[in-house]
file final.pdb (PDB, C-alpha atoms)
ATOM      1  CA  MET A   7    -213.092 -63.352 -44.605
ATOM      2  CA  TYR A   8    -211.932 -64.556 -41.194
ATOM      3  CA  CYS A   9    -212.249 -61.032 -39.797
ATOM      4  CA  SER A  10    -215.896 -60.930 -40.896
ATOM      5  CA  GLN A  11    -216.592 -63.421 -38.098
ATOM      6  CA  THR A  12    -215.475 -61.036 -35.339
ATOM      7  CA  TYR A  13    -218.959 -60.242 -34.061
ATOM      8  CA  ALA A  14    -220.082 -63.845 -34.528
ATOM      9  CA  MET A  15    -217.181 -65.048 -32.364
ATOM     10  CA  GLY A  16    -218.197 -62.578 -29.666
ATOM     11  CA  ASN A  17    -221.747 -63.979 -29.722
ATOM     12  CA  ILE A  18    -220.355 -67.448 -28.994
ATOM     13  CA  ALA A  19    -219.060 -66.255 -25.634
ATOM     14  CA  LEU A  20    -222.337 -64.411 -25.008
ATOM     15  CA  PHE A  21    -224.419 -67.525 -25.749
ATOM     16  CA  PHE A  22    -222.522 -69.844 -23.416
ATOM     17  CA  CYS A  23    -222.484 -67.213 -20.664
ATOM     18  CA  LEU A  24    -226.292 -66.879 -20.833
ATOM     19  CA  TYR A  25    -226.698 -70.661 -21.038
ATOM     20  CA  SER A  26    -224.565 -71.237 -17.934
ATOM     21  CA  ARG A  27    -226.673 -68.688 -16.014
ATOM     22  CA  HIS A  28    -229.962 -70.266 -17.154
ATOM     23  CA  TRP A  29    -230.722 -67.215 -19.352
ATOM     24  CA  THR A  30    -230.664 -64.841 -16.391
ATOM     25  CA  GLY A  31    -228.140 -62.234 -15.300
ATOM     26  CA  HIS A  32    -227.869 -60.608 -18.694
ATOM     27  CA  THR A  33    -225.771 -57.728 -17.400
ATOM     28  CA  GLN A  34    -222.968 -60.078 -16.406
ATOM     29  CA  CYS A  35    -222.622 -61.475 -19.910
ATOM     30  CA  ASN A  36    -222.436 -58.300 -22.008
ATOM     31  CA  SER A  37    -219.290 -56.639 -23.280
ATOM     32  CA  SER A  38    -219.079 -54.412 -20.197
ATOM     33  CA  HIS A  39    -218.457 -57.404 -17.901
ATOM     34  CA  SER A  40    -217.305 -60.401 -19.953
ATOM     35  CA  ARG A  41    -213.564 -60.646 -20.567
ATOM     36  CA  LEU A  42    -214.100 -63.868 -22.501
ATOM     37  CA  LEU A  43    -216.187 -61.979 -25.060
ATOM     38  CA  GLY A  44    -213.279 -59.615 -25.670
ATOM     39  CA  PHE A  45    -210.905 -62.544 -26.130
ATOM     40  CA  PHE A  46    -213.164 -64.225 -28.693
ATOM     41  CA  THR A  47    -213.333 -61.049 -30.787
ATOM     42  CA  THR A  48    -209.534 -61.127 -31.181
ATOM     43  CA  LEU A  49    -209.432 -64.711 -32.512
ATOM     44  CA  PRO A  50    -210.154 -63.925 -36.223
ATOM     45  CA  SER A  51    -207.321 -61.385 -36.327
ATOM     46  CA  ILE A  52    -205.004 -63.857 -34.592
ATOM     47  CA  TRP A  53    -205.815 -66.573 -37.149
ATOM     48  CA  ARG A  54    -205.143 -64.218 -40.062
ATOM     49  CA  ALA A  55    -201.876 -63.076 -38.486
ATOM     50  CA  LEU A  56    -200.763 -66.716 -38.224
ATOM     51  CA  GLN A  57    -201.694 -67.235 -41.879
ATOM     52  CA  CYS A  58    -199.478 -64.298 -42.846
ATOM     53  CA  ILE A  59    -196.570 -65.843 -40.949
ATOM     54  CA  ARG A  60    -197.134 -69.133 -42.754
ATOM     55  CA  ARG A  61    -197.178 -67.355 -46.115
ATOM     56  CA  TYR A  62    -193.909 -65.632 -45.215
ATOM     57  CA  VAL A  63    -192.316 -68.958 -44.270
ATOM     58  CA  ASP A  64    -193.431 -70.469 -47.588
ATOM     59  CA  THR A  65    -192.420 -67.595 -49.878
ATOM     60  CA  LYS A  66    -189.768 -65.702 -47.861
ATOM     61  CA  ASN A  67    -191.374 -62.446 -49.040
ATOM     62  CA  VAL A  68    -191.263 -59.754 -46.370
ATOM     63  CA  PHE A  69    -193.562 -57.628 -48.502
ATOM     64  CA  PRO A  70    -196.501 -57.985 -48.311
ATOM     65  CA  HIS A  71    -196.855 -60.850 -45.819
ATOM     66  CA  LEU A  72    -195.057 -59.390 -42.792
ATOM     67  CA  LEU A  73    -196.672 -56.002 -43.348
ATOM     68  CA  ASN A  74    -200.025 -57.765 -43.519
ATOM     69  CA  PHE A  75    -199.106 -59.539 -40.277
ATOM     70  CA  GLY A  76    -198.549 -56.147 -38.638
ATOM     71  CA  LYS A  77    -201.958 -54.986 -39.801
ATOM     72  CA  TYR A  78    -203.719 -57.877 -38.088
ATOM     73  CA  MET A  79    -201.667 -57.437 -34.926
ATOM     74  CA  PHE A  80    -202.983 -53.879 -34.730
ATOM     75  CA  GLY A  81    -206.451 -55.414 -35.041
ATOM     76  CA  VAL A  82    -205.735 -57.701 -32.086
ATOM     77  CA  LEU A  83    -204.555 -54.763 -29.984
ATOM     78  CA  TYR A  84    -207.597 -52.731 -31.005
ATOM     79  CA  TYR A  85    -210.136 -55.334 -29.887
ATOM     80  CA  ALA A  86    -208.179 -56.137 -26.715
ATOM     81  CA  THR A  87    -207.987 -52.503 -25.603
ATOM     82  CA  LEU A  88    -211.647 -51.992 -26.586
ATOM     83  CA  SER A  89    -212.658 -54.835 -24.275
ATOM     84  CA  MET A  90    -210.601 -53.438 -21.399
ATOM     85  CA  TYR A  91    -212.041 -49.963 -21.980
ATOM     86  CA  ARG A  92    -215.598 -51.303 -21.961
ATOM     87  CA  ILE A  93    -215.080 -53.142 -18.687
ATOM     88  CA  ASN A  94    -213.103 -50.408 -16.891
ATOM     89  CA  LYS A  95    -214.157 -47.020 -18.191
ATOM     90  CA  VAL A  96    -211.193 -45.091 -16.864
ATOM     91  CA  THR A  97    -208.699 -42.785 -18.508
ATOM     92  CA  ARG A  98    -205.762 -45.187 -18.312
ATOM     93  CA  PHE A  99    -207.633 -47.614 -20.595
ATOM     94  CA  GLN A 100    -209.147 -44.917 -22.793
ATOM     95  CA  ALA A 101    -205.794 -43.594 -24.011
ATOM     96  CA  PRO A 102    -204.454 -46.989 -25.249
ATOM     97  CA  PHE A 103    -207.807 -47.755 -26.877
ATOM     98  CA  ILE A 104    -207.889 -44.497 -28.842
ATOM     99  CA  THR A 105    -204.220 -44.879 -29.811
ATOM    100  CA  PHE A 106    -204.490 -48.417 -31.172
ATOM    101  CA  ALA A 107    -207.901 -47.731 -32.717
ATOM    102  CA  LEU A 108    -206.498 -44.759 -34.640
ATOM    103  CA  LEU A 109    -203.427 -46.691 -35.812
ATOM    104  CA  ASN A 110    -205.567 -49.664 -36.825
ATOM    105  CA  ALA A 111    -208.032 -47.469 -38.753
ATOM    106  CA  VAL A 112    -205.283 -45.658 -40.672
ATOM    107  CA  TYR A 113    -203.348 -48.870 -41.372
ATOM    108  CA  THR A 114    -206.375 -50.811 -42.614
ATOM    109  CA  SER A 115    -207.730 -47.891 -44.674
ATOM    110  CA  VAL A 116    -204.458 -47.482 -46.551
ATOM    111  CA  TRP A 117    -204.206 -51.242 -47.011
ATOM    112  CA  ASP A 118    -207.753 -51.490 -48.377
ATOM    113  CA  LEU A 119    -207.266 -48.761 -50.950
ATOM    114  CA  ALA A 120    -203.635 -49.256 -51.996
ATOM    115  CA  MET A 121    -203.175 -53.015 -51.610
ATOM    116  CA  ASP A 122    -206.537 -54.771 -51.831
ATOM    117  CA  TRP A 123    -208.055 -52.419 -54.425
ATOM    118  CA  SER A 124    -204.806 -51.172 -56.073
ATOM    119  CA  LEU A 125    -206.118 -47.608 -56.076
ATOM    120  CA  GLY A 126    -204.280 -44.369 -55.405
ATOM    121  CA  ASN A 127    -202.396 -44.028 -58.705
ATOM    122  CA  ILE A 128    -201.983 -40.295 -59.325
ATOM    123  CA  TYR A 129    -200.759 -40.980 -62.885
ATOM    124  CA  ALA A 130    -203.866 -42.925 -63.924
ATOM    125  CA  LYS A 131    -206.442 -41.610 -66.383
ATOM    126  CA  HIS A 132    -208.801 -41.064 -63.442
ATOM    127  CA  ILE A 133    -206.689 -39.614 -60.657
ATOM    128  CA  LEU A 134    -206.267 -41.769 -57.525
ATOM    129  CA  LEU A 135    -207.686 -44.812 -59.326
ATOM    130  CA  ARG A 136    -205.813 -47.229 -61.636
ATOM    131  CA  GLU A 137    -205.330 -47.694 -65.349
ATOM    132  CA  THR A 138    -207.637 -50.706 -65.815
ATOM    133  CA  LEU A 139    -211.157 -50.482 -64.376
ATOM    134  CA  ALA A 140    -213.955 -53.001 -64.679
ATOM    135  CA  PHE A 141    -216.758 -50.559 -63.834
ATOM    136  CA  ARG A 142    -217.389 -47.899 -66.469
ATOM    137  CA  ARG A 143    -218.385 -45.202 -63.971
ATOM    138  CA  ALA A 144    -215.390 -43.746 -62.165
ATOM    139  CA  TRP A 145    -217.512 -42.166 -59.441
ATOM    140  CA  VAL A 146    -218.334 -45.660 -58.119
ATOM    141  CA  TYR A 147    -214.732 -46.068 -57.019
ATOM    142  CA  TYR A 148    -214.584 -42.667 -55.352
ATOM    143  CA  VAL A 149    -217.782 -43.368 -53.401
ATOM    144  CA  ALA A 150    -216.466 -46.758 -52.288
ATOM    145  CA  MET A 151    -213.186 -45.195 -51.153
ATOM    146  CA  VAL A 152    -214.989 -42.607 -49.023
ATOM    147  CA  ILE A 153    -217.350 -45.179 -47.487
ATOM    148  CA  ASP A 154    -214.510 -47.538 -46.661
ATOM    149  CA  VAL A 155    -212.480 -44.877 -44.850
ATOM    150  CA  ILE A 156    -215.465 -43.483 -42.944
ATOM    151  CA  VAL A 157    -216.627 -46.888 -41.695
ATOM    152  CA  ARG A 158    -213.056 -47.792 -40.701
ATOM    153  CA  PHE A 159    -213.267 -44.924 -38.202
ATOM    154  CA  ASN A 160    -216.574 -46.041 -36.629
ATOM    155  CA  TRP A 161    -214.681 -46.759 -33.388
ATOM    156  CA  ILE A 162    -215.079 -43.036 -32.595
ATOM    157  CA  PHE A 163    -218.647 -43.732 -31.447
ATOM    158  CA  TYR A 164    -217.322 -46.069 -28.742
ATOM    159  CA  ALA A 165    -215.246 -43.224 -27.342
ATOM    160  CA  ILE A 166    -218.082 -40.682 -27.581
ATOM    161  CA  PHE A 167    -220.926 -42.788 -26.106
ATOM    162  CA  ALA A 168    -218.834 -44.761 -23.623
ATOM    163  CA  HIS A 169    -220.873 -43.783 -20.548
ATOM    164  CA  ASP A 170    -224.304 -43.884 -22.208
ATOM    165  CA  MET A 171    -225.236 -47.455 -21.242
ATOM    166  CA  GLN A 172    -228.848 -47.311 -22.438
ATOM    167  CA  HIS A 173    -227.694 -46.824 -26.029
ATOM    168  CA  SER A 174    -224.900 -49.420 -25.982
ATOM    169  CA  ALA A 175    -226.997 -52.146 -27.669
ATOM    170  CA  VAL A 176    -228.189 -49.785 -30.411
ATOM    171  CA  LEU A 177    -224.675 -48.456 -30.885
ATOM    172  CA  SER A 178    -223.208 -51.941 -31.202
ATOM    173  CA  PHE A 179    -225.862 -52.886 -33.765
ATOM    174  CA  VAL A 180    -225.230 -49.767 -35.883
ATOM    175  CA  VAL A 181    -221.460 -50.268 -35.826
ATOM    176  CA  ALA A 182    -221.769 -53.978 -36.655
ATOM    177  CA  PHE A 183    -224.243 -53.315 -39.493
ATOM    178  CA  SER A 184    -222.022 -50.631 -41.029
ATOM    179  CA  GLU A 185    -219.054 -53.002 -40.839
ATOM    180  CA  ILE A 186    -221.010 -55.715 -42.650
ATOM    181  CA  CYS A 187    -221.900 -53.267 -45.434
ATOM    182  CA  ARG A 188    -218.279 -52.143 -45.694
ATOM    183  CA  ARG A 189    -217.045 -55.720 -46.005
ATOM    184  CA  GLY A 190    -219.582 -56.382 -48.738
ATOM    185  CA  ILE A 191    -218.294 -53.381 -50.692
ATOM    186  CA  TRP A 192    -214.701 -54.462 -50.025
ATOM    187  CA  THR A 193    -215.413 -57.926 -51.437
ATOM    188  CA  ILE A 194    -216.864 -56.534 -54.678
ATOM    189  CA  PHE A 195    -213.895 -54.294 -55.412
ATOM    190  CA  ARG A 196    -211.370 -56.885 -54.234
ATOM    191  CA  VAL A 197    -212.677 -59.399 -56.767
ATOM    192  CA  GLU A 198    -212.866 -56.650 -59.418
ATOM    193  CA  ASN A 199    -209.213 -55.789 -58.790
ATOM    194  CA  GLU A 200    -208.177 -59.423 -59.097
ATOM    195  CA  HIS A 201    -210.081 -59.763 -62.363
ATOM    196  CA  CYS A 202    -208.412 -56.665 -63.818
ATOM    197  CA  THR A 203    -205.021 -58.087 -62.862
ATOM    198  CA  ASN A 204    -205.854 -61.360 -64.614
ATOM    199  CA  VAL A 205    -206.851 -59.379 -67.711
ATOM    200  CA  LEU A 206    -203.532 -57.529 -67.792
ATOM    201  CA  LEU A 207    -201.653 -60.818 -67.354
ATOM    202  CA  PHE A 208    -203.729 -62.363 -70.173
ATOM    203  CA  ARG A 209    -205.353 -64.905 -67.845
ATOM    204  CA  ALA A 210    -208.888 -63.610 -68.508
ATOM    205  CA  SER A 211    -210.841 -61.374 -70.879
ATOM    206  CA  ARG A 212    -212.460 -58.159 -69.736
ATOM    207  CA  ASP A 213    -215.424 -58.149 -72.180
ATOM    208  CA  VAL A 214    -216.396 -61.218 -74.187
ATOM    209  CA  PRO A 215    -218.673 -60.335 -77.171
ATOM    210  CA  LEU A 216    -221.613 -62.671 -77.692
ATOM    211  CA  PRO A 217    -221.823 -64.455 -81.059
ATOM    212  CA  TYR A 218    -225.558 -63.756 -81.408
ATOM    213  CA  ALA A 219    -228.006 -60.854 -81.162
ATOM    214  CA  VAL A 220    -229.610 -60.204 -77.775
ATOM    215  CA  PRO A 221    -233.282 -59.031 -77.715
ATOM    216  CA  SER A 222    -233.934 -56.105 -75.414
ATOM    217  CA  ALA A 223    -236.930 -55.552 -73.142
ATOM    218  CA  ASP A 224    -238.833 -53.497 -75.744
ATOM    219  CA  GLY A 225    -238.525 -56.215 -78.387
ATOM    220  CA  GLN A 226    -235.746 -54.625 -80.393
ATOM    221  CA  VAL A 227    -232.709 -56.667 -81.259
ATOM    222  CA  GLU A 228    -229.452 -55.317 -79.941
ATOM    223  CA  VAL A 229    -226.442 -56.189 -82.018
ATOM    224  CA  GLN A 230    -223.182 -55.853 -80.204
ATOM    225  CA  PRO A 231    -220.737 -53.644 -82.124
ATOM    226  CA  PRO A 232    -217.435 -55.187 -83.133
ATOM    227  CA  GLU A 233    -214.391 -54.583 -81.025
ATOM    228  CA  PRO A 234    -212.760 -51.307 -82.082
ATOM    229  CA  THR A 235    -209.310 -51.605 -83.509
ATOM    230  CA  GLN A 236    -206.703 -50.136 -81.252
ATOM    231  CA  ALA A 237    -204.341 -47.461 -82.371
ATOM    232  CA  PRO A 238    -200.629 -48.174 -82.093
ATOM    233  CA  HIS A 239    -200.342 -45.943 -79.043
ATOM    234  CA  GLU A 240    -203.289 -47.724 -77.387
ATOM    235  CA  ALA A 241    -201.909 -51.217 -77.654
ATOM    236  CA  GLN A 242    -202.336 -53.725 -74.884
ATOM    237  CA  PRO A 243    -199.902 -53.231 -71.986
ATOM    238  CA  SER A 244    -196.886 -55.483 -72.101
ATOM    239  CA  LEU A 245    -195.631 -57.722 -69.336
ATOM    240  CA  ALA A 246    -192.523 -56.708 -67.453
ATOM    241  CA  VAL A 247    -190.617 -59.968 -66.935
ATOM    242  CA  SER A 248    -187.115 -59.780 -65.597
ATOM    243  CA  PRO A 249    -184.458 -62.169 -66.963
ATOM    244  CA  GLY A 250    -184.892 -65.517 -65.266
ATOM    245  CA  GLY A 251    -188.242 -64.420 -63.866
ATOM    246  CA  ASP A 252    -191.592 -66.168 -63.828
ATOM    247  CA  LEU A 253    -194.458 -65.205 -66.108
ATOM    248  CA  GLU A 254    -196.962 -65.846 -63.285
ATOM    249  CA  GLN A 255    -195.142 -63.268 -61.154
ATOM    250  CA  ALA A 256    -194.886 -60.712 -63.973
ATOM    251  CA  THR A 257    -196.416 -57.285 -63.504
ATOM    252  CA  PRO A 258    -198.190 -55.373 -66.269
ATOM    253  CA  SER A 259    -196.485 -52.233 -67.465
ATOM    254  CA  THR A 260    -198.701 -49.392 -68.658
ATOM    255  CA  PRO A 261    -197.805 -46.612 -71.109
ATOM    256  CA  ARG A 262    -198.141 -44.002 -68.371
ATOM    257  CA  ALA A 263    -195.493 -45.754 -66.260
ATOM    258  CA  SER A 264    -192.755 -44.082 -68.342
ATOM    259  CA  LEU A 265    -193.912 -40.672 -67.124
ATOM    260  CA  ARG A 266    -193.208 -41.475 -63.481
ATOM    261  CA  PRO A 267    -189.900 -41.222 -61.639
ATOM    262  CA  ARG A 268    -188.136 -44.561 -61.659
ATOM    263  CA  ALA A 269    -188.236 -45.104 -57.866
ATOM    264  CA  LEU A 270    -191.902 -44.105 -57.621
ATOM    265  CA  SER A 271    -192.807 -46.347 -60.549
ATOM    266  CA  ARG A 272    -191.081 -49.325 -58.944
ATOM    267  CA  VAL A 273    -192.850 -48.825 -55.616
ATOM    268  CA  GLY A 274    -196.191 -48.401 -57.366
ATOM    269  CA  THR A 275    -195.675 -51.599 -59.350
ATOM    270  CA  MET A 276    -194.848 -53.566 -56.198
ATOM    271  CA  VAL A 277    -197.929 -52.277 -54.394
ATOM    272  CA  ALA A 278    -200.234 -52.853 -57.362
ATOM    273  CA  SER A 279    -199.121 -56.468 -57.853
ATOM    274  CA  ALA A 280    -198.748 -57.529 -54.216
ATOM    275  CA  HIS A 281    -202.432 -58.381 -53.792
ATOM    276  CA  ALA A 282    -202.169 -61.178 -56.352
ATOM    277  CA  GLN A 283    -199.857 -63.193 -54.087
ATOM    278  CA  ASP A 284    -202.779 -64.155 -51.847
ATOM    279  CA  PHE A 285    -204.179 -66.399 -54.597
ATOM    280  CA  GLN A 286    -200.944 -67.686 -56.096
ATOM    281  CA  ARG A 287    -199.551 -71.119 -55.532
ATOM    282  CA  LYS A 288    -197.119 -71.420 -52.635
ATOM    283  CA  ARG A 289    -193.640 -71.540 -54.103
ATOM    284  CA  ARG A 290    -190.283 -70.818 -52.554
ATOM    285  CA  PRO A 291    -187.866 -68.477 -54.343
ATOM    286  CA  GLU A 292    -185.710 -71.367 -55.604
ATOM    287  CA  GLU A 293    -188.808 -73.087 -57.020
ATOM    288  CA  MET A 294    -189.921 -69.867 -58.691
ATOM    289  CA  ALA A 295    -186.494 -69.515 -60.306
ATOM    290  CA  GLY A 296    -186.801 -73.007 -61.790
ATOM    291  CA  ALA A 297    -190.249 -72.313 -63.225
ATOM    292  CA  THR A 298    -189.129 -69.780 -65.798
ATOM    293  CA  VAL A 299    -190.509 -69.648 -69.302
ATOM    294  CA  ALA A 300    -187.971 -70.242 -72.056
ATOM    295  CA  HIS A 301    -188.025 -68.043 -75.148
ATOM    296  CA  GLY A 302    -189.947 -69.728 -77.944
ATOM    297  CA  SER A 303    -191.296 -72.486 -75.682
ATOM    298  CA  PRO A 304    -195.082 -72.973 -75.658
ATOM    299  CA  GLU A 305    -195.065 -74.429 -72.166
ATOM    300  CA  THR A 306    -196.699 -72.604 -69.302
ATOM    301  CA  PRO A 307    -195.390 -72.439 -65.703
ATOM    302  CA  GLU A 308    -198.015 -75.001 -64.719
ATOM    303  CA  ASP A 309    -196.721 -77.436 -67.348
ATOM    304  CA  SER A 310    -193.147 -77.049 -66.185
ATOM    305  CA  SER A 311    -194.088 -77.594 -62.547
ATOM    306  CA  ASP A 312    -195.897 -80.796 -63.469
ATOM    307  CA  GLU A 313    -192.760 -82.088 -65.095
ATOM    308  CA  ASP A 314    -190.724 -81.190 -62.032
ATOM    309  CA  ASP A 315    -193.142 -83.026 -59.779
ATOM    310  CA  SER A 316    -192.929 -86.176 -61.862
ATOM    311  CA  GLY A 317    -189.230 -86.484 -61.015
ATOM    312  CA  ASP A 318    -188.224 -87.523 -64.582
ATOM    313  CA  THR A 319    -186.921 -84.654 -66.678
ATOM    314  CA  ARG A 320    -185.037 -86.737 -69.276
ATOM    315  CA  PRO A 321    -186.072 -85.972 -72.863
ATOM    316  CA  TYR A 322    -187.722 -88.783 -74.764
ATOM    317  CA  ARG A 323    -185.413 -90.396 -77.310
ATOM    318  CA  ASP A 324    -186.589 -92.626 -80.110
ATOM    319  CA  GLU A 325    -183.152 -94.210 -80.293
ATOM    320  CA  ASP A 326    -183.815 -96.155 -77.061
ATOM    321  CA  ALA A 327    -186.886 -97.809 -78.535
ATOM    322  CA  ILE A 328    -185.075 -98.512 -81.808
ATOM    323  CA  GLU A 329    -182.181-100.130 -80.006
ATOM    324  CA  GLU A 330    -184.522-102.403 -78.032
ATOM    325  CA  GLU A 331    -186.446-103.549 -81.136
ATOM    326  CA  ALA A 332    -183.442-103.925 -83.437
ATOM    327  CA  PRO A 333    -182.442-107.558 -84.057
ATOM    328  CA  SER A 334    -179.104-108.684 -82.739
ATOM    329  CA  ASP A 335    -176.252-109.365 -85.143
ATOM    330  CA  ASP A 336    -175.014-112.240 -82.978
ATOM    331  CA  PRO A 337    -175.768-115.566 -84.732
ATOM    332  CA  LYS A 338    -176.525-117.153 -81.354
TER
END
call {"tool": "encode", "arguments": {"input": "final.pdb", "output": "structure tokens"}}
result
Amino acid sequence: MYCSQTYAMGNIALFFCLYSRHWTGHTQCNSSHSRLLGFFTTLPSIWRALQCIRRYVDTKNVFPHLLNFGKYMFGVLYYATLSMYRINKVTRFQAPFITFALLNAVYTSVWDLAMDWSLGNIYAKHILLRETLAFRRAWVYYVAMVIDVIVRFNWIFYAIFAHDMQHSAVLSFVVAFSEICRRGIWTIFRVENEHCTNVLLFRASRDVPLPYAVPSADGQVEVQPPEPTQAPHEAQPSLAVSPGGDLEQATPSTPRASLRPRALSRVGTMVASAHAQDFQRKRRPEEMAGATVAHGSPETPEDSSDEDDSGDTRPYRDEDAIEEEAPSDDPK
């Protein structure tokens, strides 16, 4: 959500520039003259890049944190070259702007679809989607994918209408408004993807039936049908937990995964589960190894971590209390 404040950060520089000039000299404060405005637009991407470095230091996971860091660095280069191109509309600034804008658009589009939304599975029931979907209409996902990619390439208008100064304000408004709509769509499907992951890891339920009848708008009573019994081949997907692994880090395995090549299945599993690390507790690899779930133990990883934090892992023995309360045999 930091990157959603890009245009707001640019308005901060615009406000103080107009205030210092007593609300006159508007042409000296716009994006075609203000270098400070270009610097402020890069700050959200810089903050997110620093967060990715911190996550890498905490977890030591190159994927996805360092790759996410590279994505935000391309965002910094995109806004920096866009500012230089707006101020000096010459060819030597146009070429770097188009280059970094194209790389940033491709990088972020792939990241949105494959990482944040976990889409692009060619082996899924609906091609290029995923096995578990929260929305019942598959076309909703396809429309969102197309909109996200198209809006990611809205920088093309800056290159086309670069010398048309009388439309610069309208162009900036249209681009900013389309970006706001895209981020709203991204948020909906990002949360939907996280919920589906929690369902597969048995942290949440997809549909919870109500224990009572719900009256409809026309006065009829709608009774929810009972949950259909699943056939043996349609059983819930199991969790793939490696020996000595952590249940919180487990990835759901689907029946269709056996149809894929082994290398492709492993890469797809890593990509599909990487998004969940943004919301997981910060734990180093040695801490994750100590938070394993023993076979037959009802404890959860959270319970085991609480015991580790307490610093006392000795089992409780009733013999200690018995020895303290037992009377002494010494006649003294």
call {"tool": "atom_distance", "arguments": {"input": "final.pdb", "atom1": "atom CA of A:Thr30", "atom2": "atom CA of A:Leu42"}}
result
17.7 Å
call {"tool": "residues_around", "arguments": {"input": "final.pdb", "residues": "A:Phe99", "least_positions_apart": "4", "cutoff": "12 Å", "atoms": "all atoms listed in the file", "output": "ChimeraX atom specification"}}
result
/A:84,86-95,103-106,165,168
call {"tool": "write_last_selection", "arguments": {"input": "final.pdb", "atoms": "C-alpha atoms", "output": "CSV table (one decimal), in the frame of the given file"}}
result
chain,number,residue,atom,x,y,z
A,84,TYR,CA,-207.6,-52.7,-31.0
A,86,ALA,CA,-208.2,-56.1,-26.7
A,87,THR,CA,-208.0,-52.5,-25.6
A,88,LEU,CA,-211.6,-52.0,-26.6
A,89,SER,CA,-212.7,-54.8,-24.3
A,90,MET,CA,-210.6,-53.4,-21.4
A,91,TYR,CA,-212.0,-50.0,-22.0
A,92,ARG,CA,-215.6,-51.3,-22.0
A,93,ILE,CA,-215.1,-53.1,-18.7
A,94,ASN,CA,-213.1,-50.4,-16.9
A,95,LYS,CA,-214.2,-47.0,-18.2
A,103,PHE,CA,-207.8,-47.8,-26.9
A,104,ILE,CA,-207.9,-44.5,-28.8
A,105,THR,CA,-204.2,-44.9,-29.8
A,106,PHE,CA,-204.5,-48.4,-31.2
A,165,ALA,CA,-215.2,-43.2,-27.3
A,168,ALA,CA,-218.8,-44.8,-23.6
call {"tool": "atom_distance", "arguments": {"input": "final.pdb", "atom1": "atom CA of A:Thr97", "atom2": "atom CA of A:Ser174"}}
result
19.0 Å
call {"tool": "closest_atom_pairs", "arguments": {"input": "final.pdb", "of": "stretch 91-164 of chain A", "to": "stretch 64-74 of chain A", "cutoff": "10 Å", "atoms": "all atoms listed in the file", "output": "Markdown table"}}
result
| residue | atom | partner | partner_atom | distance |
| --- | --- | --- | --- | --- |
| A:Tyr113 | CA | A:Asn74 | CA | 9.7 |
| A:Thr114 | CA | A:Asn74 | CA | 9.5 |
| A:Trp117 | CA | A:Asn74 | CA | 8.5 |
| A:Met121 | CA | A:Pro70 | CA | 9.0 |
call {"tool": "write_last_selection", "arguments": {"input": "final.pdb", "atoms": "C-alpha atoms", "output": "PDB file, in the coordinates of the input"}}
result
ATOM      1  CA  TYR A 113    -203.348 -48.870 -41.372  1.00  0.00           C
ATOM      2  CA  THR A 114    -206.375 -50.811 -42.614  1.00  0.00           C
ATOM      3  CA  TRP A 117    -204.206 -51.242 -47.011  1.00  0.00           C
ATOM      4  CA  MET A 121    -203.175 -53.015 -51.610  1.00  0.00           C
TER       5      MET A 121
END
call {"tool": "atom_distance", "arguments": {"input": "final.pdb", "atom1": "atom CA of A:His32", "atom2": "atom CA of A:Ala107"}}
result
27.6 Å
call {"tool": "closest_residue", "arguments": {"input": "final.pdb", "among": "A:Trp29, A:Glu137, A:Met15, A:Tyr164", "to": "A:Leu206", "atoms": "all atoms listed in the file"}}
result
A:Glu137
call {"tool": "resolve_selection", "arguments": {"input": "final.pdb", "expression": "the PyMOL selection byres ((chain A and resi 140) around 7)", "output": "number ranges by chain"}}
result
A: 138-139, 141-142, 198, 202
call {"tool": "residues_near_point", "arguments": {"input": "final.pdb", "point": "(-214.7, -40.2, -59.1)", "cutoff": "9 Å", "atoms": "all atoms listed in the file", "output": "number ranges by chain"}}
result
A: 132-135, 143-149
call {"tool": "resolve_selection", "arguments": {"input": "final.pdb", "expression": "the PyMOL selection byres ((chain A and resi 180-191) around 9)", "output": "list of chain:residue names"}}
result
A:Met7, A:Ser10, A:Tyr13, A:Ala150, A:Ile153, A:Asp154, A:Val157, A:Arg158, A:Asn160, A:Trp161, A:Phe163, A:Ala175, A:Val176, A:Leu177, A:Ser178, A:Phe179, A:Trp192, A:Thr193, A:Ile194, A:Phe195, A:Arg196
call {"tool": "resolve_selection", "arguments": {"input": "final.pdb", "expression": "the PyMOL selection byres ((chain A and resi 79-83) around 8)", "output": "mmCIF file with C-alpha atoms, in the frame of the given file"}}
result
data_model
loop_
_atom_site.group_PDB
_atom_site.id
_atom_site.type_symbol
_atom_site.label_atom_id
_atom_site.label_comp_id
_atom_site.auth_asym_id
_atom_site.auth_seq_id
_atom_site.Cartn_x
_atom_site.Cartn_y
_atom_site.Cartn_z
ATOM 1 C CA THR A 48 -209.534 -61.127 -31.181
ATOM 2 C CA LEU A 49 -209.432 -64.711 -32.512
ATOM 3 C CA SER A 51 -207.321 -61.385 -36.327
ATOM 4 C CA ILE A 52 -205.004 -63.857 -34.592
ATOM 5 C CA ALA A 55 -201.876 -63.076 -38.486
ATOM 6 C CA PHE A 75 -199.106 -59.539 -40.277
ATOM 7 C CA GLY A 76 -198.549 -56.147 -38.638
ATOM 8 C CA LYS A 77 -201.958 -54.986 -39.801
ATOM 9 C CA TYR A 78 -203.719 -57.877 -38.088
ATOM 10 C CA TYR A 84 -207.597 -52.731 -31.005
ATOM 11 C CA TYR A 85 -210.136 -55.334 -29.887
ATOM 12 C CA ALA A 86 -208.179 -56.137 -26.715
ATOM 13 C CA THR A 87 -207.987 -52.503 -25.603
ATOM 14 C CA PHE A 106 -204.490 -48.417 -31.172
ATOM 15 C CA LEU A 109 -203.427 -46.691 -35.812
ATOM 16 C CA ASN A 110 -205.567 -49.664 -36.825
#
call {"tool": "closest_residue", "arguments": {"input": "final.pdb", "among": "A:Thr47, A:Ser38, A:Ser115, A:Thr33", "to": "A:Tyr8", "atoms": "only C-alpha atoms"}}
result
A:Thr47
